[in-house]
>>> print(open('protein_28.cif').read())   # mmCIF, C-alpha atoms
data_model
loop_
_atom_site.group_PDB
_atom_site.id
_atom_site.type_symbol
_atom_site.label_atom_id
_atom_site.label_comp_id
_atom_site.auth_asym_id
_atom_site.auth_seq_id
_atom_site.Cartn_x
_atom_site.Cartn_y
_atom_site.Cartn_z
ATOM 1 C CA LYS A 1 72.302 28.675 -49.022
ATOM 2 C CA LYS A 2 71.877 25.646 -51.234
ATOM 3 C CA TRP A 3 73.253 23.348 -48.535
ATOM 4 C CA SER A 4 70.956 24.776 -45.845
ATOM 5 C CA ARG A 5 67.928 24.536 -48.125
ATOM 6 C CA VAL A 6 68.665 20.888 -48.887
ATOM 7 C CA LYS A 7 69.071 20.125 -45.189
ATOM 8 C CA GLY A 8 65.800 21.905 -44.379
ATOM 9 C CA ILE A 9 67.356 24.483 -42.062
ATOM 10 C CA TYR A 10 66.939 27.664 -44.143
ATOM 11 C CA SER A 11 64.187 29.891 -42.733
ATOM 12 C CA ASN A 12 64.076 32.924 -40.460
ATOM 13 C CA VAL A 13 60.348 32.472 -39.969
ATOM 14 C CA LEU A 14 60.754 28.940 -38.599
ATOM 15 C CA GLY A 15 63.578 29.899 -36.253
ATOM 16 C CA PHE A 16 66.556 28.912 -38.409
ATOM 17 C CA LEU A 17 69.040 31.092 -40.299
ATOM 18 C CA GLY A 18 68.186 33.112 -43.401
ATOM 19 C CA GLY A 19 70.142 34.690 -46.229
ATOM 20 C CA VAL A 20 71.679 37.552 -44.247
ATOM 21 C CA ASN A 21 72.753 35.204 -41.445
ATOM 22 C CA TRP A 22 74.479 32.745 -43.777
ATOM 23 C CA ALA A 23 76.112 35.618 -45.686
ATOM 24 C CA ILE A 24 77.646 37.011 -42.479
ATOM 25 C CA LEU A 25 78.955 33.564 -41.491
ATOM 26 C CA VAL A 26 80.537 33.025 -44.915
ATOM 27 C CA THR A 27 82.049 36.522 -44.848
ATOM 28 C CA TYR A 28 83.559 35.805 -41.437
ATOM 29 C CA VAL A 29 85.405 32.771 -42.809
ATOM 30 C CA CYS A 30 86.430 34.556 -46.028
ATOM 31 C CA ARG A 31 88.027 37.321 -43.954
ATOM 32 C CA LEU A 32 90.015 34.715 -42.027
ATOM 33 C CA TYR A 33 91.248 33.010 -45.211
ATOM 34 C CA PRO A 34 91.252 35.731 -47.911
ATOM 35 C CA ASN A 35 93.548 33.883 -50.333
ATOM 36 C CA SER A 36 92.131 30.367 -49.985
ATOM 37 C CA SER A 37 90.347 28.372 -52.640
ATOM 38 C CA SER A 38 86.585 27.894 -52.513
ATOM 39 C CA SER A 39 86.950 24.276 -51.384
ATOM 40 C CA THR A 40 89.264 25.324 -48.535
ATOM 41 C CA ILE A 41 86.867 28.060 -47.438
ATOM 42 C CA LEU A 42 83.990 25.570 -47.497
ATOM 43 C CA SER A 43 85.971 23.105 -45.413
ATOM 44 C CA ASN A 44 86.997 25.785 -42.910
ATOM 45 C CA PHE A 45 83.434 27.108 -42.729
ATOM 46 C CA PHE A 46 82.023 23.846 -41.417
ATOM 47 C CA ARG A 47 85.092 23.110 -39.294
ATOM 48 C CA ILE A 48 84.849 26.476 -37.513
ATOM 49 C CA PHE A 49 81.107 26.646 -36.954
ATOM 50 C CA SER A 50 80.676 22.983 -36.071
ATOM 51 C CA LYS A 51 82.885 23.728 -33.038
ATOM 52 C CA TRP A 52 81.718 27.293 -32.343
ATOM 53 C CA LEU A 53 81.010 27.961 -28.664
ATOM 54 C CA TRP A 54 77.537 29.472 -28.899
ATOM 55 C CA PRO A 55 76.281 31.887 -27.646
ATOM 56 C CA LYS A 56 79.634 33.512 -28.371
ATOM 57 C CA PRO A 57 78.682 36.119 -31.015
ATOM 58 C CA VAL A 58 79.971 36.068 -34.578
ATOM 59 C CA MET A 59 81.239 39.567 -35.422
ATOM 60 C CA LEU A 60 82.777 40.945 -38.598
ATOM 61 C CA LEU A 61 83.806 44.138 -36.772
ATOM 62 C CA PRO A 62 84.065 45.134 -33.100
ATOM 63 C CA ILE A 63 80.830 46.459 -31.644
ATOM 64 C CA GLN A 64 80.676 50.264 -31.717
ATOM 65 C CA TYR A 65 78.584 51.509 -28.805
ATOM 66 C CA LYS A 66 79.009 55.238 -29.378
ATOM 67 C CA LEU A 67 77.383 57.060 -32.258
ATOM 68 C CA PRO A 68 79.904 57.359 -35.123
ATOM 69 C CA LEU A 69 81.209 60.846 -35.833
ATOM 70 C CA GLU A 70 79.650 61.016 -39.301
ATOM 71 C CA TYR A 71 76.220 60.252 -37.798
ATOM 72 C CA GLN A 72 76.720 62.912 -35.133
ATOM 73 C CA GLN A 73 77.364 65.484 -37.829
ATOM 74 C CA GLN A 74 74.228 64.467 -39.707
ATOM 75 C CA LEU A 75 72.096 64.637 -36.548
ATOM 76 C CA SER A 76 73.404 68.085 -35.676
ATOM 77 C CA ASN A 77 71.663 69.404 -38.782
ATOM 78 C CA LEU A 78 68.283 67.915 -37.774
ATOM 79 C CA PRO A 79 65.726 69.187 -35.237
ATOM 80 C CA ARG A 80 65.976 67.542 -31.801
ATOM 81 C CA GLN A 81 62.607 65.772 -32.199
ATOM 82 C CA HIS A 82 64.193 63.697 -34.981
ATOM 83 C CA HIS A 83 66.943 62.438 -32.699
ATOM 84 C CA LYS A 84 66.130 58.820 -31.861
ATOM 85 C CA ARG A 85 67.985 56.592 -29.428
ATOM 86 C CA VAL A 86 69.158 53.424 -31.177
ATOM 87 C CA HIS A 87 69.682 50.062 -29.527
ATOM 88 C CA VAL A 88 73.120 48.448 -29.846
ATOM 89 C CA TRP A 89 73.316 44.737 -29.067
ATOM 90 C CA ASN A 90 74.730 44.326 -25.559
ATOM 91 C CA PRO A 91 73.967 41.198 -23.471
ATOM 92 C CA LYS A 92 75.583 42.775 -20.410
ATOM 93 C CA THR A 93 73.046 45.568 -20.145
ATOM 94 C CA ASN A 94 70.026 44.156 -21.979
ATOM 95 C CA ARG A 95 68.252 41.077 -20.623
ATOM 96 C CA ARG A 96 66.670 40.224 -23.952
ATOM 97 C CA ASP A 97 70.047 40.272 -25.712
ATOM 98 C CA ALA A 98 71.417 37.972 -23.005
ATOM 99 C CA THR A 99 68.838 35.306 -23.924
ATOM 100 C CA HIS A 100 69.923 35.062 -27.577
ATOM 101 C CA LEU A 101 71.188 31.569 -28.398
ATOM 102 C CA MET A 102 73.073 32.063 -31.646
ATOM 103 C CA PRO A 103 74.037 35.741 -32.057
ATOM 104 C CA ILE A 104 75.254 36.738 -35.515
ATOM 105 C CA LEU A 105 75.848 40.486 -35.439
ATOM 106 C CA THR A 106 75.433 42.967 -38.258
ATOM 107 C CA PRO A 107 78.654 44.938 -38.925
ATOM 108 C CA ALA A 108 77.178 48.428 -39.449
ATOM 109 C CA TYR A 109 76.143 50.745 -36.617
ATOM 110 C CA PRO A 110 74.061 50.003 -34.658
ATOM 111 C CA SER A 111 75.151 46.365 -34.269
ATOM 112 C CA MET A 112 72.129 44.083 -34.004
ATOM 113 C CA ASN A 113 71.664 40.355 -33.705
ATOM 114 C CA SER A 114 70.408 39.193 -37.100
ATOM 115 C CA SER A 115 69.451 35.763 -35.680
ATOM 116 C CA TYR A 116 67.501 36.794 -32.578
ATOM 117 C CA ASN A 117 64.661 34.311 -33.202
ATOM 118 C CA ILE A 118 66.785 31.142 -33.172
ATOM 119 C CA GLY A 119 65.288 28.520 -30.834
ATOM 120 C CA HIS A 120 66.936 25.739 -28.844
ATOM 121 C CA ALA A 121 65.695 23.024 -31.203
ATOM 122 C CA GLN A 122 66.813 24.938 -34.292
ATOM 123 C CA ARG A 123 70.286 25.650 -32.929
ATOM 124 C CA ARG A 124 70.694 22.005 -31.974
ATOM 125 C CA ARG A 125 69.758 20.920 -35.487
ATOM 126 C CA ILE A 126 72.038 23.462 -37.197
ATOM 127 C CA VAL A 127 75.022 22.362 -35.106
ATOM 128 C CA TYR A 128 74.210 18.695 -35.796
ATOM 129 C CA GLU A 129 74.096 19.242 -39.561
ATOM 130 C CA MET A 130 77.309 21.273 -39.486
ATOM 131 C CA ARG A 131 79.174 18.583 -37.561
ATOM 132 C CA LEU A 132 77.860 15.908 -39.895
ATOM 133 C CA THR A 133 78.864 17.917 -42.967
ATOM 134 C CA SER A 134 82.296 18.696 -41.533
ATOM 135 C CA GLY A 135 82.926 14.958 -41.277
ATOM 136 C CA ILE A 136 81.717 14.414 -44.851
ATOM 137 C CA ILE A 137 84.115 17.093 -46.133
ATOM 138 C CA GLU A 138 86.994 15.376 -44.321
ATOM 139 C CA ASP A 139 86.114 12.167 -46.162
ATOM 140 C CA ILE A 140 85.907 14.112 -49.440
ATOM 141 C CA CYS A 141 89.415 15.495 -48.897
ATOM 142 C CA LYS A 142 90.640 11.939 -48.278
ATOM 143 C CA GLY A 143 89.015 10.764 -51.506
ATOM 144 C CA ASN A 144 86.463 8.537 -49.789
ATOM 145 C CA LYS A 145 83.397 10.592 -50.817
ATOM 146 C CA ASN A 146 82.420 13.106 -53.492
ATOM 147 C CA TRP A 147 80.989 16.635 -53.335
ATOM 148 C CA ARG A 148 77.522 15.472 -54.385
ATOM 149 C CA GLN A 149 77.071 13.773 -51.022
ATOM 150 C CA LEU A 150 77.306 17.198 -49.405
ATOM 151 C CA PHE A 151 73.857 18.029 -50.791
ATOM 152 C CA HIS A 152 72.096 14.781 -49.996
ATOM 153 C CA CYS A 153 69.233 14.658 -47.516
ATOM 154 C CA ASP A 154 66.589 11.999 -47.060
ATOM 155 C CA PHE A 155 64.414 13.327 -44.271
ATOM 156 C CA PHE A 156 61.845 10.532 -44.312
ATOM 157 C CA HIS A 157 64.486 7.806 -43.971
ATOM 158 C CA GLN A 158 66.316 9.698 -41.223
ATOM 159 C CA HIS A 159 63.279 9.922 -38.970
ATOM 160 C CA GLU A 160 61.016 7.093 -37.918
ATOM 161 C CA HIS A 161 58.470 9.529 -36.494
ATOM 162 C CA PHE A 162 57.427 12.869 -37.967
ATOM 163 C CA LEU A 163 54.402 15.144 -37.806
ATOM 164 C CA LYS A 164 52.694 16.098 -41.067
ATOM 165 C CA ILE A 165 50.796 19.380 -41.105
ATOM 166 C CA THR A 166 48.358 19.992 -43.948
ATOM 167 C CA ILE A 167 47.460 23.594 -44.796
ATOM 168 C CA SER A 168 44.469 24.044 -47.098
ATOM 169 C CA ALA A 169 42.252 26.883 -48.344
ATOM 170 C CA SER A 170 39.423 27.455 -50.787
ATOM 171 C CA SER A 171 41.342 29.788 -53.135
ATOM 172 C CA PRO A 172 44.947 30.680 -54.000
ATOM 173 C CA SER A 173 44.690 34.148 -52.430
ATOM 174 C CA ARG A 174 43.268 32.770 -49.174
ATOM 175 C CA PHE A 175 45.838 30.000 -49.182
ATOM 176 C CA LYS A 176 48.694 32.515 -49.397
ATOM 177 C CA LYS A 177 47.446 34.424 -46.343
ATOM 178 C CA TRP A 178 46.600 31.267 -44.375
ATOM 179 C CA PHE A 179 49.933 29.644 -45.228
ATOM 180 C CA GLY A 180 51.859 32.700 -43.992
ATOM 181 C CA LEU A 181 49.994 32.694 -40.693
ATOM 182 C CA CYS A 182 50.455 28.938 -40.152
ATOM 183 C CA GLU A 183 54.151 29.122 -41.043
ATOM 184 C CA ALA A 184 54.681 31.888 -38.495
ATOM 185 C CA ARG A 185 52.990 29.789 -35.782
ATOM 186 C CA LEU A 186 54.935 26.584 -36.462
ATOM 187 C CA ARG A 187 57.902 27.847 -34.448
ATOM 188 C CA ILE A 188 55.663 28.067 -31.369
ATOM 189 C CA LEU A 189 54.391 24.525 -31.972
ATOM 190 C CA ILE A 190 57.942 23.160 -32.203
ATOM 191 C CA ALA A 191 58.940 24.915 -28.981
ATOM 192 C CA GLY A 192 55.995 23.246 -27.244
ATOM 193 C CA LEU A 193 56.817 19.780 -28.596
ATOM 194 C CA ASP A 194 60.566 19.890 -27.915
ATOM 195 C CA ASN A 195 61.191 18.532 -24.419
ATOM 196 C CA ASP A 196 64.515 16.993 -23.403
ATOM 197 C CA GLN A 197 63.123 15.908 -20.023
ATOM 198 C CA ILE A 198 60.935 13.275 -21.674
ATOM 199 C CA GLY A 199 63.341 12.590 -24.532
ATOM 200 C CA ILE A 200 61.522 14.404 -27.359
ATOM 201 C CA GLU A 201 63.653 16.363 -29.810
ATOM 202 C CA ALA A 202 61.501 18.220 -32.331
ATOM 203 C CA TYR A 203 62.519 20.627 -35.069
ATOM 204 C CA PRO A 204 60.818 21.996 -38.202
ATOM 205 C CA PHE A 205 61.847 20.742 -41.634
ATOM 206 C CA THR A 206 61.713 23.846 -43.815
ATOM 207 C CA LYS A 207 61.007 22.180 -47.162
ATOM 208 C CA PHE A 208 57.312 22.392 -48.022
ATOM 209 C CA PHE A 209 55.472 20.063 -50.381
ATOM 210 C CA PHE A 210 52.683 21.645 -52.421
ATOM 211 C CA GLU A 211 49.816 19.586 -53.765
ATOM 212 C CA GLU A 212 47.324 21.175 -56.152
ATOM 213 C CA GLU A 213 43.772 19.873 -56.076
ATOM 214 C CA ARG A 214 40.528 21.219 -57.438
ATOM 215 C CA ASN A 215 39.079 21.462 -53.946
ATOM 216 C CA PRO A 216 40.625 22.242 -51.587
ATOM 217 C CA ILE A 217 44.009 23.781 -52.420
ATOM 218 C CA ARG A 218 46.816 22.302 -50.323
#
>>> encode(input="protein_28.cif", output="structure tokens")
Amino acid sequence: KKWSRVKGIYSNVLGFLGGVNWAILVTYVCRLYPNSSSSTILSNFFRIFSKWLWPKPVMLLPIQYKLPLEYQQQLSNLPRQHHKRVHVWNPKTNRRDATHLMPILTPAYPSMNSSYNIGHAQRRRIVYEMRLTSGIIEDICKGNKNWRQLFHCDFFHQHEHFLKITISASSPSRFKKWFGLCEARLRILIAGLDNDQIGIEAYPFTKFFFEEERNPIR
């Protein structure tokens, strides 16, 4: 989480991965290497997911399409009007599931994609940062770099061009509501700006900078 926050790629709202997503990815690696040290798990984490063939789903357990027996027993004691059909993630039968770019499935029934709102630009940036970090960890293991460099990010020196969006309101309460609405719409803006046909690669940087003024509040 700390690494993704530093790199500006931690946010479900902006089309990146959030806490549950990162937790599932880490758990996946820990299950593969249950007796490894934390540094080995960290190294394997970035090595595995920097080369992951998305949209191949990440699964902690096989998908269970049929209702588990214990749930069937619980439903049998309820009136029929309380029986609801649940959706299990299945790209073969569901067109919407087939469009998911970076599926990270929840382990409990019914299996769902916890990262359904990932966009093309966001996936591209996540993979880029993972590949970059995997190379840094290799240099750390060779003694050429230290662990502090894993959490270094200088956005404004990395990018010659960037778009600054200022969100302001007349009071703290109005700012909170307005900020939430604007944040939710930024993902749509990025999708409109990102265009590989004309060579524009756009992605949101999820670290916000707050500036307090008497009037307005920003």
>>> resolve_selection(input="protein_28.cif", expression="the PyMOL selection byres ((chain A and resi 148) around 12)", output="count of residues only")
14
>>> residues_around(input="protein_28.cif", residues="Val58 (chain A)", least_positions_apart="6", cutoff="9 Å", atoms="all atoms listed in the file", output="list of chain:residue names")
A:Ile24, A:Leu25, A:Tyr28, A:Met102, A:Pro103, A:Ile104, A:Leu105
>>> residues_near_point(input="protein_28.cif", point="(48.6, 20.3, -45.2)", cutoff="9 Å", atoms="only C-alpha atoms", output="list in words")
Lys164, Ile165, Thr166, Ile167, Ser168, Phe209, Phe210, Glu211 and Arg218 of chain A
>>> write_last_selection(input="protein_28.cif", atoms="C-alpha atoms", output="PDB file, in the coordinates of the input")
ATOM      1  CA  LYS A 164      52.694  16.098 -41.067  1.00  0.00           C
ATOM      2  CA  ILE A 165      50.796  19.380 -41.105  1.00  0.00           C
ATOM      3  CA  THR A 166      48.358  19.992 -43.948  1.00  0.00           C
ATOM      4  CA  ILE A 167      47.460  23.594 -44.796  1.00  0.00           C
ATOM      5  CA  SER A 168      44.469  24.044 -47.098  1.00  0.00           C
ATOM      6  CA  PHE A 209      55.472  20.063 -50.381  1.00  0.00           C
ATOM      7  CA  PHE A 210      52.683  21.645 -52.421  1.00  0.00           C
ATOM      8  CA  GLU A 211      49.816  19.586 -53.765  1.00  0.00           C
ATOM      9  CA  ARG A 218      46.816  22.302 -50.323  1.00  0.00           C
TER      10      ARG A 218
END
>>> residues_near_point(input="protein_28.cif", point="(75.4, 49.7, -29.6)", cutoff="10 Å", atoms="only C-alpha atoms", output="list in words")
Ile63, Gln64, Tyr65, Lys66, Leu67, Val86, His87, Val88, Trp89, Asn90, Tyr109, Pro110, Ser111 and Met112 of chain A
>>> closest_residue(input="protein_28.cif", among="A:Phe175, A:Tyr10, A:Trp22, A:Phe49", to="Leu132 (chain A)", atoms="only C-alpha atoms")
A:Phe49
>>> resolve_selection(input="protein_28.cif", expression="the PyMOL selection byres ((chain A and resi 194) around 12)", output="PDB file with C-alpha atoms, in the coordinates of the input")
ATOM      1  CA  GLY A 119      65.288  28.520 -30.834  1.00  0.00           C
ATOM      2  CA  HIS A 120      66.936  25.739 -28.844  1.00  0.00           C
ATOM      3  CA  ALA A 121      65.695  23.024 -31.203  1.00  0.00           C
ATOM      4  CA  GLN A 122      66.813  24.938 -34.292  1.00  0.00           C
ATOM      5  CA  ARG A 124      70.694  22.005 -31.974  1.00  0.00           C
ATOM      6  CA  ARG A 125      69.758  20.920 -35.487  1.00  0.00           C
ATOM      7  CA  ARG A 187      57.902  27.847 -34.448  1.00  0.00           C
ATOM      8  CA  ILE A 188      55.663  28.067 -31.369  1.00  0.00           C
ATOM      9  CA  LEU A 189      54.391  24.525 -31.972  1.00  0.00           C
ATOM     10  CA  ILE A 190      57.942  23.160 -32.203  1.00  0.00           C
ATOM     11  CA  ALA A 191      58.940  24.915 -28.981  1.00  0.00           C
ATOM     12  CA  GLY A 192      55.995  23.246 -27.244  1.00  0.00           C
ATOM     13  CA  LEU A 193      56.817  19.780 -28.596  1.00  0.00           C
ATOM     14  CA  ASN A 195      61.191  18.532 -24.419  1.00  0.00           C
ATOM     15  CA  ASP A 196      64.515  16.993 -23.403  1.00  0.00           C
ATOM     16  CA  GLN A 197      63.123  15.908 -20.023  1.00  0.00           C
ATOM     17  CA  ILE A 198      60.935  13.275 -21.674  1.00  0.00           C
ATOM     18  CA  GLY A 199      63.341  12.590 -24.532  1.00  0.00           C
ATOM     19  CA  ILE A 200      61.522  14.404 -27.359  1.00  0.00           C
ATOM     20  CA  GLU A 201      63.653  16.363 -29.810  1.00  0.00           C
ATOM     21  CA  ALA A 202      61.501  18.220 -32.331  1.00  0.00           C
ATOM     22  CA  TYR A 203      62.519  20.627 -35.069  1.00  0.00           C
ATOM     23  CA  PRO A 204      60.818  21.996 -38.202  1.00  0.00           C
TER      24      PRO A 204
END
>>> axis_aligned_box(input="protein_28.cif", around="region 36-42 of chain A", padding_each_side="3 Å", output="lines of an AutoDock Vina configuration file")
center_x = 88.1
center_y = 27.3
center_z = -50.0
size_x = 14.1
size_y = 12.1
size_z = 11.2
>>> closest_residue(input="protein_28.cif", among="A:Asn35, A:Asn44, A:Ser173, A:Ser115", to="Arg131 (chain A)", atoms="all atoms listed in the file")
A:Asn44
>>> closest_residue(input="protein_28.cif", among="A:Arg5, A:Leu186, A:Leu60, A:Phe46", to="Arg31 (chain A)", atoms="all atoms listed in the file")
A:Leu60
>>> atom_distance(input="protein_28.cif", atom1="CA of Gly15 (chain A)", atom2="CA of Asn117 (chain A)")
5.5 Å
>>> closest_residue(input="protein_28.cif", among="A:Ala108, A:Asn144, A:Arg47, A:Glu183", to="Asn12 (chain A)", atoms="all atoms listed in the file")
A:Glu183
>>> atom_distance(input="protein_28.cif", atom1="CA of Ser43 (chain A)", atom2="CA of Glu138 (chain A)")
7.9 Å
>>> residues_around(input="protein_28.cif", residues="Ile9 (chain A)", least_positions_apart="3", cutoff="7 Å", atoms="only C-alpha atoms", output="VMD selection string")
chain A and resid 4 to 5 16 126 205 to 206
>>> closest_residue(input="protein_28.cif", among="A:Gly143, A:Thr40, A:Asp154, A:Thr93", to="Lys207 (chain A)", atoms="only C-alpha atoms")
A:Asp154
>>> build_atoms(input="protein_28.cif", residues="region 161-181 of chain A", atoms="N, CA and C atoms", output="PDB file, keeping the file's coordinate frame")
ATOM      1  N   HIS A 161      59.706   8.825 -36.843  1.00  0.00           N
ATOM      2  CA  HIS A 161      58.470   9.529 -36.494  1.00  0.00           C
ATOM      3  C   HIS A 161      58.558  10.983 -36.966  1.00  0.00           C
ATOM      4  N   PHE A 162      57.513  11.467 -37.575  1.00  0.00           N
ATOM      5  CA  PHE A 162      57.427  12.869 -37.967  1.00  0.00           C
ATOM      6  C   PHE A 162      55.955  13.283 -37.991  1.00  0.00           C
ATOM      7  N   LEU A 163      55.748  14.581 -37.844  1.00  0.00           N
ATOM      8  CA  LEU A 163      54.402  15.144 -37.806  1.00  0.00           C
ATOM      9  C   LEU A 163      54.128  15.884 -39.111  1.00  0.00           C
ATOM     10  N   LYS A 164      53.080  15.460 -39.810  1.00  0.00           N
ATOM     11  CA  LYS A 164      52.694  16.098 -41.067  1.00  0.00           C
ATOM     12  C   LYS A 164      51.585  17.109 -40.796  1.00  0.00           C
ATOM     13  N   ILE A 165      51.788  18.320 -41.268  1.00  0.00           N
ATOM     14  CA  ILE A 165      50.796  19.380 -41.105  1.00  0.00           C
ATOM     15  C   ILE A 165      50.279  19.775 -42.482  1.00  0.00           C
ATOM     16  N   THR A 166      48.989  19.652 -42.673  1.00  0.00           N
ATOM     17  CA  THR A 166      48.358  19.992 -43.948  1.00  0.00           C
ATOM     18  C   THR A 166      47.693  21.365 -43.842  1.00  0.00           C
ATOM     19  N   ILE A 167      48.032  22.241 -44.747  1.00  0.00           N
ATOM     20  CA  ILE A 167      47.460  23.594 -44.796  1.00  0.00           C
ATOM     21  C   ILE A 167      46.618  23.698 -46.070  1.00  0.00           C
ATOM     22  N   SER A 168      45.352  23.996 -45.934  1.00  0.00           N
ATOM     23  CA  SER A 168      44.469  24.044 -47.098  1.00  0.00           C
ATOM     24  C   SER A 168      43.595  25.289 -47.049  1.00  0.00           C
ATOM     25  N   ALA A 169      43.133  25.716 -48.236  1.00  0.00           N
ATOM     26  CA  ALA A 169      42.252  26.883 -48.344  1.00  0.00           C
ATOM     27  C   ALA A 169      41.398  26.735 -49.589  1.00  0.00           C
ATOM     28  N   SER A 170      40.389  27.574 -49.702  1.00  0.00           N
ATOM     29  CA  SER A 170      39.423  27.455 -50.787  1.00  0.00           C
ATOM     30  C   SER A 170      39.830  28.200 -52.046  1.00  0.00           C
ATOM     31  N   SER A 171      40.880  29.042 -51.963  1.00  0.00           N
ATOM     32  CA  SER A 171      41.342  29.788 -53.135  1.00  0.00           C
ATOM     33  C   SER A 171      42.826  30.103 -52.979  1.00  0.00           C
ATOM     34  N   PRO A 172      43.512  30.363 -54.091  1.00  0.00           N
ATOM     35  CA  PRO A 172      44.947  30.680 -54.000  1.00  0.00           C
ATOM     36  C   PRO A 172      45.255  31.892 -53.132  1.00  0.00           C
ATOM     37  N   SER A 173      44.443  32.938 -53.218  1.00  0.00           N
ATOM     38  CA  SER A 173      44.690  34.148 -52.430  1.00  0.00           C
ATOM     39  C   SER A 173      44.521  33.880 -50.939  1.00  0.00           C
ATOM     40  N   ARG A 174      43.473  33.118 -50.581  1.00  0.00           N
ATOM     41  CA  ARG A 174      43.268  32.770 -49.174  1.00  0.00           C
ATOM     42  C   ARG A 174      44.345  31.820 -48.680  1.00  0.00           C
ATOM     43  N   PHE A 175      44.780  30.938 -49.571  1.00  0.00           N
ATOM     44  CA  PHE A 175      45.838  30.000 -49.182  1.00  0.00           C
ATOM     45  C   PHE A 175      47.127  30.741 -48.838  1.00  0.00           C
ATOM     46  N   LYS A 176      47.459  31.754 -49.633  1.00  0.00           N
ATOM     47  CA  LYS A 176      48.694  32.515 -49.397  1.00  0.00           C
ATOM     48  C   LYS A 176      48.673  33.164 -48.021  1.00  0.00           C
ATOM     49  N   LYS A 177      47.553  33.776 -47.645  1.00  0.00           N
ATOM     50  CA  LYS A 177      47.446  34.424 -46.343  1.00  0.00           C
ATOM     51  C   LYS A 177      47.458  33.384 -45.216  1.00  0.00           C
ATOM     52  N   TRP A 178      46.704  32.318 -45.398  1.00  0.00           N
ATOM     53  CA  TRP A 178      46.600  31.267 -44.375  1.00  0.00           C
ATOM     54  C   TRP A 178      47.929  30.552 -44.182  1.00  0.00           C
ATOM     55  N   PHE A 179      48.628  30.307 -45.298  1.00  0.00           N
ATOM     56  CA  PHE A 179      49.933  29.644 -45.228  1.00  0.00           C
ATOM     57  C   PHE A 179      50.928  30.501 -44.443  1.00  0.00           C
ATOM     58  N   GLY A 180      50.941  31.811 -44.707  1.00  0.00           N
ATOM     59  CA  GLY A 180      51.859  32.700 -43.992  1.00  0.00           C
ATOM     60  C   GLY A 180      51.606  32.712 -42.502  1.00  0.00           C
ATOM     61  N   LEU A 181      50.339  32.703 -42.113  1.00  0.00           N
ATOM     62  CA  LEU A 181      49.994  32.694 -40.693  1.00  0.00           C
ATOM     63  C   LEU A 181      50.410  31.382 -40.045  1.00  0.00           C
TER      64      LEU A 181
END
